[in-house]
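> Data file work_15.pdb (PDB, C-alpha atoms, pLDDT in the B column) is appended below.
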```pdb
ATOM      1  CA  MET U   1      61.440  -7.533 161.907  1.00 46.00           C
ATOM      2  CA  VAL U   2      62.685  -5.736 158.768  1.00 46.00           C
ATOM      3  CA  LYS U   3      65.607  -3.347 159.248  1.00 48.00           C
ATOM      4  CA  PRO U   4      65.091   0.167 157.803  1.00 49.00           C
ATOM      5  CA  THR U   5      67.733  -0.407 155.116  1.00 48.00           C
ATOM      6  CA  GLN U   6      65.981  -3.565 153.975  1.00 49.00           C
ATOM      7  CA  GLN U   7      62.591  -1.938 153.389  1.00 51.00           C
ATOM      8  CA  ARG U   8      61.501  -1.558 149.836  1.00 53.00           C
ATOM      9  CA  GLY U   9      62.662   1.636 148.154  1.00 52.00           C
ATOM     10  CA  LEU U  10      65.247   2.623 150.761  1.00 54.00           C
ATOM     11  CA  VAL U  11      68.929   2.754 149.890  1.00 51.00           C
ATOM     12  CA  PRO U  12      71.460   1.892 152.593  1.00 57.00           C
ATOM     13  CA  TYR U  13      73.496   4.826 153.931  1.00 61.00           C
ATOM     14  CA  PRO U  14      76.826   4.920 152.045  1.00 62.00           C
ATOM     15  CA  ASP U  15      79.994   3.825 153.800  1.00 66.00           C
ATOM     16  CA  GLN U  16      82.968   6.196 154.321  1.00 68.00           C
ATOM     17  CA  GLU U  17      84.740   5.024 151.162  1.00 70.00           C
ATOM     18  CA  THR U  18      81.702   5.871 149.053  1.00 60.00           C
ATOM     19  CA  ILE U  19      81.379   9.284 150.752  1.00 58.00           C
ATOM     20  CA  ASN U  20      85.066  10.039 150.038  1.00 60.00           C
ATOM     21  CA  MET U  21      84.612   8.996 146.401  1.00 60.00           C
ATOM     22  CA  ILE U  22      81.606  11.313 146.056  1.00 61.00           C
ATOM     23  CA  ARG U  23      83.577  14.206 147.612  1.00 62.00           C
ATOM     24  CA  THR U  24      86.516  13.558 145.289  1.00 60.00           C
ATOM     25  CA  THR U  25      84.227  13.417 142.265  1.00 59.00           C
ATOM     26  CA  ARG U  26      82.572  16.685 143.292  1.00 59.00           C
ATOM     27  CA  THR U  27      85.979  18.328 143.835  1.00 56.00           C
ATOM     28  CA  VAL U  28      87.197  17.215 140.401  1.00 56.00           C
ATOM     29  CA  ALA U  29      83.968  18.432 138.816  1.00 53.00           C
ATOM     30  CA  VAL U  30      84.314  21.836 140.477  1.00 52.00           C
ATOM     31  CA  LEU U  31      87.966  22.094 139.435  1.00 53.00           C
ATOM     32  CA  PHE U  32      87.053  21.322 135.823  1.00 59.00           C
ATOM     33  CA  ALA U  33      84.135  23.734 135.941  1.00 56.00           C
ATOM     34  CA  VAL U  34      86.463  26.515 137.113  1.00 53.00           C
ATOM     35  CA  THR U  35      89.707  25.614 135.307  1.00 58.00           C
ATOM     36  CA  ILE U  36      88.480  24.744 131.821  1.00 60.00           C
ATOM     37  CA  PRO U  37      86.730  28.109 131.193  1.00 58.00           C
ATOM     38  CA  LEU U  38      89.850  29.938 132.421  1.00 56.00           C
ATOM     39  CA  LEU U  39      92.055  27.789 130.231  1.00 57.00           C
ATOM     40  CA  PHE U  40      89.970  28.634 127.180  1.00 55.00           C
ATOM     41  CA  ALA U  41      89.344  32.301 127.985  1.00 61.00           C
ATOM     42  CA  ALA U  42      91.592  33.387 125.112  1.00 69.00           C
ATOM     43  CA  CYS U  43      90.728  30.523 122.739  1.00 73.00           C
ATOM     44  CA  THR U  44      88.472  30.587 119.726  1.00 81.00           C
ATOM     45  CA  ASP U  45      85.505  28.218 119.501  1.00 82.00           C
ATOM     46  CA  GLU U  46      87.457  26.223 116.918  1.00 85.00           C
ATOM     47  CA  GLN U  47      90.435  25.837 119.273  1.00 81.00           C
ATOM     48  CA  VAL U  48      88.156  24.721 122.116  1.00 79.00           C
ATOM     49  CA  ALA U  49      86.555  22.141 119.814  1.00 82.00           C
ATOM     50  CA  GLN U  50      89.980  20.864 118.754  1.00 86.00           C
ATOM     51  CA  PHE U  51      91.007  20.515 122.404  1.00 81.00           C
ATOM     52  CA  GLN U  52      87.811  18.699 123.330  1.00 87.00           C
ATOM     53  CA  ALA U  53      88.342  16.253 120.451  1.00 89.00           C
ATOM     54  CA  LEU U  54      91.709  15.165 121.930  1.00 85.00           C
ATOM     55  CA  ASP U  55      92.084  12.093 124.129  1.00 90.00           C
ATOM     56  CA  ALA U  56      92.827  12.600 127.847  1.00 87.00           C
ATOM     57  CA  PRO U  57      96.653  12.185 127.630  1.00 87.00           C
ATOM     58  CA  SER U  58      96.824  14.700 124.775  1.00 84.00           C
ATOM     59  CA  GLN U  59      94.663  17.166 126.707  1.00 83.00           C
ATOM     60  CA  ALA U  60      96.977  16.760 129.716  1.00 84.00           C
ATOM     61  CA  ALA U  61      99.993  17.476 127.471  1.00 82.00           C
ATOM     62  CA  VAL U  62      98.332  20.633 126.118  1.00 81.00           C
ATOM     63  CA  ILE U  63      97.546  21.854 129.637  1.00 83.00           C
ATOM     64  CA  ALA U  64     101.128  21.135 130.780  1.00 81.00           C
ATOM     65  CA  ALA U  65     102.510  23.047 127.796  1.00 80.00           C
ATOM     66  CA  LEU U  66     100.284  26.030 128.568  1.00 78.00           C
ATOM     67  CA  GLN U  67     101.492  26.059 132.164  1.00 81.00           C
ATOM     68  CA  THR U  68     105.183  25.981 131.193  1.00 78.00           C
ATOM     69  CA  PRO U  69     106.744  29.444 131.472  1.00 76.00           C
ATOM     70  CA  PRO U  70     107.947  30.877 128.178  1.00 75.00           C
ATOM     71  CA  GLU U  71     111.618  31.087 127.312  1.00 77.00           C
ATOM     72  CA  PRO U  72     113.190  34.502 127.868  1.00 70.00           C
ATOM     73  CA  PRO U  73     113.168  36.637 124.747  1.00 68.00           C
ATOM     74  CA  ALA U  74     116.077  36.497 122.336  1.00 77.00           C
ATOM     75  CA  HIS U  75     118.609  39.008 123.506  1.00 80.00           C
ATOM     76  CA  THR U  76     120.111  41.647 121.271  1.00 83.00           C
ATOM     77  CA  PRO U  77     121.898  44.324 123.312  1.00 86.00           C
ATOM     78  CA  PRO U  78     121.041  47.901 122.387  1.00 89.00           C
ATOM     79  CA  GLY U  79     123.508  49.879 120.324  1.00 90.00           C
ATOM     80  CA  GLY U  80     124.411  53.555 120.332  1.00 91.00           C
ATOM     81  CA  PHE U  81     124.833  55.327 123.657  1.00 92.00           C
ATOM     82  CA  LEU U  82     124.105  52.242 125.768  1.00 94.00           C
ATOM     83  CA  ALA U  83     126.598  50.128 123.793  1.00 93.00           C
ATOM     84  CA  CYS U  84     129.237  52.733 124.614  1.00 93.00           C
ATOM     85  CA  VAL U  85     128.233  52.722 128.303  1.00 94.00           C
ATOM     86  CA  ARG U  86     128.352  48.912 128.421  1.00 95.00           C
ATOM     87  CA  ARG U  87     131.836  48.838 126.883  1.00 94.00           C
ATOM     88  CA  HIS U  88     133.135  51.553 129.209  1.00 94.00           C
ATOM     89  CA  GLU U  89     131.516  50.341 132.442  1.00 94.00           C
ATOM     90  CA  SER U  90     131.903  46.562 132.228  1.00 96.00           C
ATOM     91  CA  GLY U  91     133.420  45.556 128.909  1.00 96.00           C
ATOM     92  CA  GLY U  92     129.958  44.197 128.059  1.00 95.00           C
ATOM     93  CA  ASN U  93     129.912  41.782 131.032  1.00 97.00           C
ATOM     94  CA  TYR U  94     126.368  41.522 132.401  1.00 96.00           C
ATOM     95  CA  GLN U  95     127.658  39.798 135.563  1.00 97.00           C
ATOM     96  CA  ALA U  96     130.353  42.397 136.279  1.00 97.00           C
ATOM     97  CA  GLU U  97     130.858  43.341 139.950  1.00 97.00           C
ATOM     98  CA  ASN U  98     132.645  46.501 141.090  1.00 95.00           C
ATOM     99  CA  PRO U  99     135.118  45.572 143.858  1.00 95.00           C
ATOM    100  CA  THR U 100     134.897  48.985 145.585  1.00 96.00           C
ATOM    101  CA  SER U 101     131.149  49.746 145.460  1.00 95.00           C
ATOM    102  CA  THR U 102     127.746  48.069 145.050  1.00 96.00           C
ATOM    103  CA  ALA U 103     127.821  48.749 141.281  1.00 96.00           C
ATOM    104  CA  SER U 104     127.131  45.704 139.145  1.00 97.00           C
ATOM    105  CA  GLY U 105     125.914  44.474 135.792  1.00 97.00           C
ATOM    106  CA  ALA U 106     126.727  45.621 132.288  1.00 97.00           C
ATOM    107  CA  TYR U 107     125.852  49.251 133.081  1.00 96.00           C
ATOM    108  CA  GLN U 108     127.320  49.254 136.603  1.00 96.00           C
ATOM    109  CA  TRP U 109     124.156  50.236 138.448  1.00 96.00           C
ATOM    110  CA  LEU U 110     124.576  51.040 142.145  1.00 95.00           C
ATOM    111  CA  ASP U 111     122.223  48.793 144.124  1.00 96.00           C
ATOM    112  CA  SER U 112     120.128  51.693 145.477  1.00 94.00           C
ATOM    113  CA  SER U 113     119.729  53.246 142.007  1.00 94.00           C
ATOM    114  CA  TRP U 114     119.036  49.870 140.428  1.00 96.00           C
ATOM    115  CA  ARG U 115     116.260  49.046 142.900  1.00 95.00           C
ATOM    116  CA  SER U 116     114.634  52.444 142.407  1.00 94.00           C
ATOM    117  CA  VAL U 117     114.919  52.735 138.620  1.00 95.00           C
ATOM    118  CA  SER U 118     114.124  49.071 137.897  1.00 95.00           C
ATOM    119  CA  ARG U 119     110.931  49.426 139.964  1.00 95.00           C
ATOM    120  CA  MET U 120     109.942  52.598 138.064  1.00 95.00           C
ATOM    121  CA  ALA U 121     110.689  50.834 134.771  1.00 94.00           C
ATOM    122  CA  GLY U 122     108.441  47.928 135.779  1.00 94.00           C
ATOM    123  CA  TYR U 123     111.200  45.366 136.307  1.00 93.00           C
ATOM    124  CA  SER U 124     111.560  45.091 140.076  1.00 89.00           C
ATOM    125  CA  GLY U 125     112.527  41.765 141.578  1.00 89.00           C
ATOM    126  CA  TRP U 126     116.292  41.928 141.464  1.00 91.00           C
ATOM    127  CA  GLY U 127     118.044  43.887 144.219  1.00 92.00           C
ATOM    128  CA  HIS U 128     121.382  43.745 142.410  1.00 95.00           C
ATOM    129  CA  ALA U 129     121.740  44.517 138.692  1.00 96.00           C
ATOM    130  CA  ALA U 130     124.130  41.631 137.993  1.00 97.00           C
ATOM    131  CA  ASP U 131     121.456  39.203 139.233  1.00 96.00           C
ATOM    132  CA  ALA U 132     118.991  40.375 136.562  1.00 96.00           C
ATOM    133  CA  PRO U 133     119.089  38.704 133.136  1.00 94.00           C
ATOM    134  CA  PRO U 134     120.743  40.697 130.333  1.00 94.00           C
ATOM    135  CA  HIS U 135     117.442  41.621 128.645  1.00 93.00           C
ATOM    136  CA  ILE U 136     116.180  43.095 131.949  1.00 95.00           C
ATOM    137  CA  GLN U 137     119.380  45.115 132.487  1.00 95.00           C
ATOM    138  CA  ASP U 138     119.004  46.457 128.948  1.00 95.00           C
ATOM    139  CA  ALA U 139     115.298  47.240 129.372  1.00 94.00           C
ATOM    140  CA  VAL U 140     115.891  49.141 132.628  1.00 96.00           C
ATOM    141  CA  SER U 141     118.808  51.050 131.106  1.00 95.00           C
ATOM    142  CA  ILE U 142     116.777  51.931 127.995  1.00 94.00           C
ATOM    143  CA  TRP U 143     113.943  53.118 130.241  1.00 94.00           C
ATOM    144  CA  ALA U 144     116.432  55.209 132.253  1.00 94.00           C
ATOM    145  CA  VAL U 145     117.833  56.897 129.133  1.00 93.00           C
ATOM    146  CA  ASN U 146     114.350  57.552 127.738  1.00 93.00           C
ATOM    147  CA  ASN U 147     113.135  59.008 131.034  1.00 94.00           C
ATOM    148  CA  GLY U 148     115.888  61.468 131.861  1.00 91.00           C
ATOM    149  CA  TYR U 149     118.286  59.328 133.886  1.00 88.00           C
ATOM    150  CA  ARG U 150     121.097  59.470 131.324  1.00 86.00           C
ATOM    151  CA  SER U 151     123.189  61.670 133.623  1.00 84.00           C
ATOM    152  CA  ALA U 152     124.130  58.596 135.676  1.00 80.00           C
ATOM    153  CA  TRP U 153     126.659  57.832 132.946  1.00 88.00           C
ATOM    154  CA  ASN U 154     127.959  61.396 132.312  1.00 85.00           C
ATOM    155  CA  GLY U 155     131.567  60.525 133.180  1.00 78.00           C
ATOM    156  CA  THR U 156     131.778  57.583 130.795  1.00 80.00           C
ATOM    157  CA  GLY U 157     132.832  59.612 127.762  1.00 83.00           C
ATOM    158  CA  CYS U 158     129.897  58.292 125.783  1.00 87.00           C
TER
END
```
Show me this structure written as structure tokens.

Amino acid sequence: MVKPTQQRGLVPYPDQETINMIRTTRTVAVLFAVTIPLLFAACTDEQVAQFQALDAPSQAAVIAALQTPPEPPAHTPPGGFLACVRRHESGGNYQAENPTSTASGAYQWLDSSWRSVSRMAGYSGWGHAADAPPHIQDAVSIWAVNNGYRSAWNGTGC
């Protein structure tokens, strides 16, 4: 008697290893189908063609480079009024901590004010001004001055 898998034209049912390989291949194909268009969403046709012409290790290096977060911007502290405030409040020390209050950072923001104003300025994420990088402290302070919160530094003599 001929077993069903031995009949002409029938293919034996794949073993578990083959099934897992097919699933993995499908998963990789789906990931490429979804990831590659997203990766190239902001690329020109020429850039896409250049990428596709690269070998696999070079493509992997390009993808890794695109996924690496950018360096923080070069920092040049603002001058004028905020330079005066920085000198008066902290001597220009962005990590300054007030020993008698929650004030911290170059501009000596109280924690409650910092959380509120930094959120309004679009830079939430640091509950304490001294924990924020210098360019963020400057950006929040510039936003505060430009949006009517200058009075926080009235007693500075600036």
> I'd like the neighbourhood of Leu110 (chain U) as JSON, numbers by chain, where a residue qualifies if any of its atoms comes within 10 Å (using only C-alpha atoms), though same-chain residues fewer than 2 positions away should be ignored.
{"U": [98, 101, 102, 103, 104, 105, 107, 108, 112, 113, 114, 115, 127, 128, 129, 152]}
> State, in Å with one decimal place, the distance from CA of Pro133 (chain U) to CA of Asn93 (chain U).
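So the two atoms, CA of Pro133 (chain U) and CA of Asn93 (chain U), lie 11.4 Å apart.
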> Between CA of Gln95 (chain U) and CA of Met120 (chain U), what is the distance, to one decimal in Å?
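Interatomic distance here is 22.0 Å.
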> With 6 Å added on each side, what axis-aligned box encloses every listed atom of region 140-146 of chain U? Give the centre and edge lengths in Å to one decimal, as lines of an AutoDock Vina configuration file.

```
center_x = 116.4
center_y = 53.3
center_z = 130.2
size_x = 16.9
size_y = 20.4
size_z = 16.9
```
> Taking all atoms listed in the file into account, which of U:Gly155, U:Gly125, U:Gly148, U:Pro134 comes nearest Pro77 (chain U)?
U:Pro134
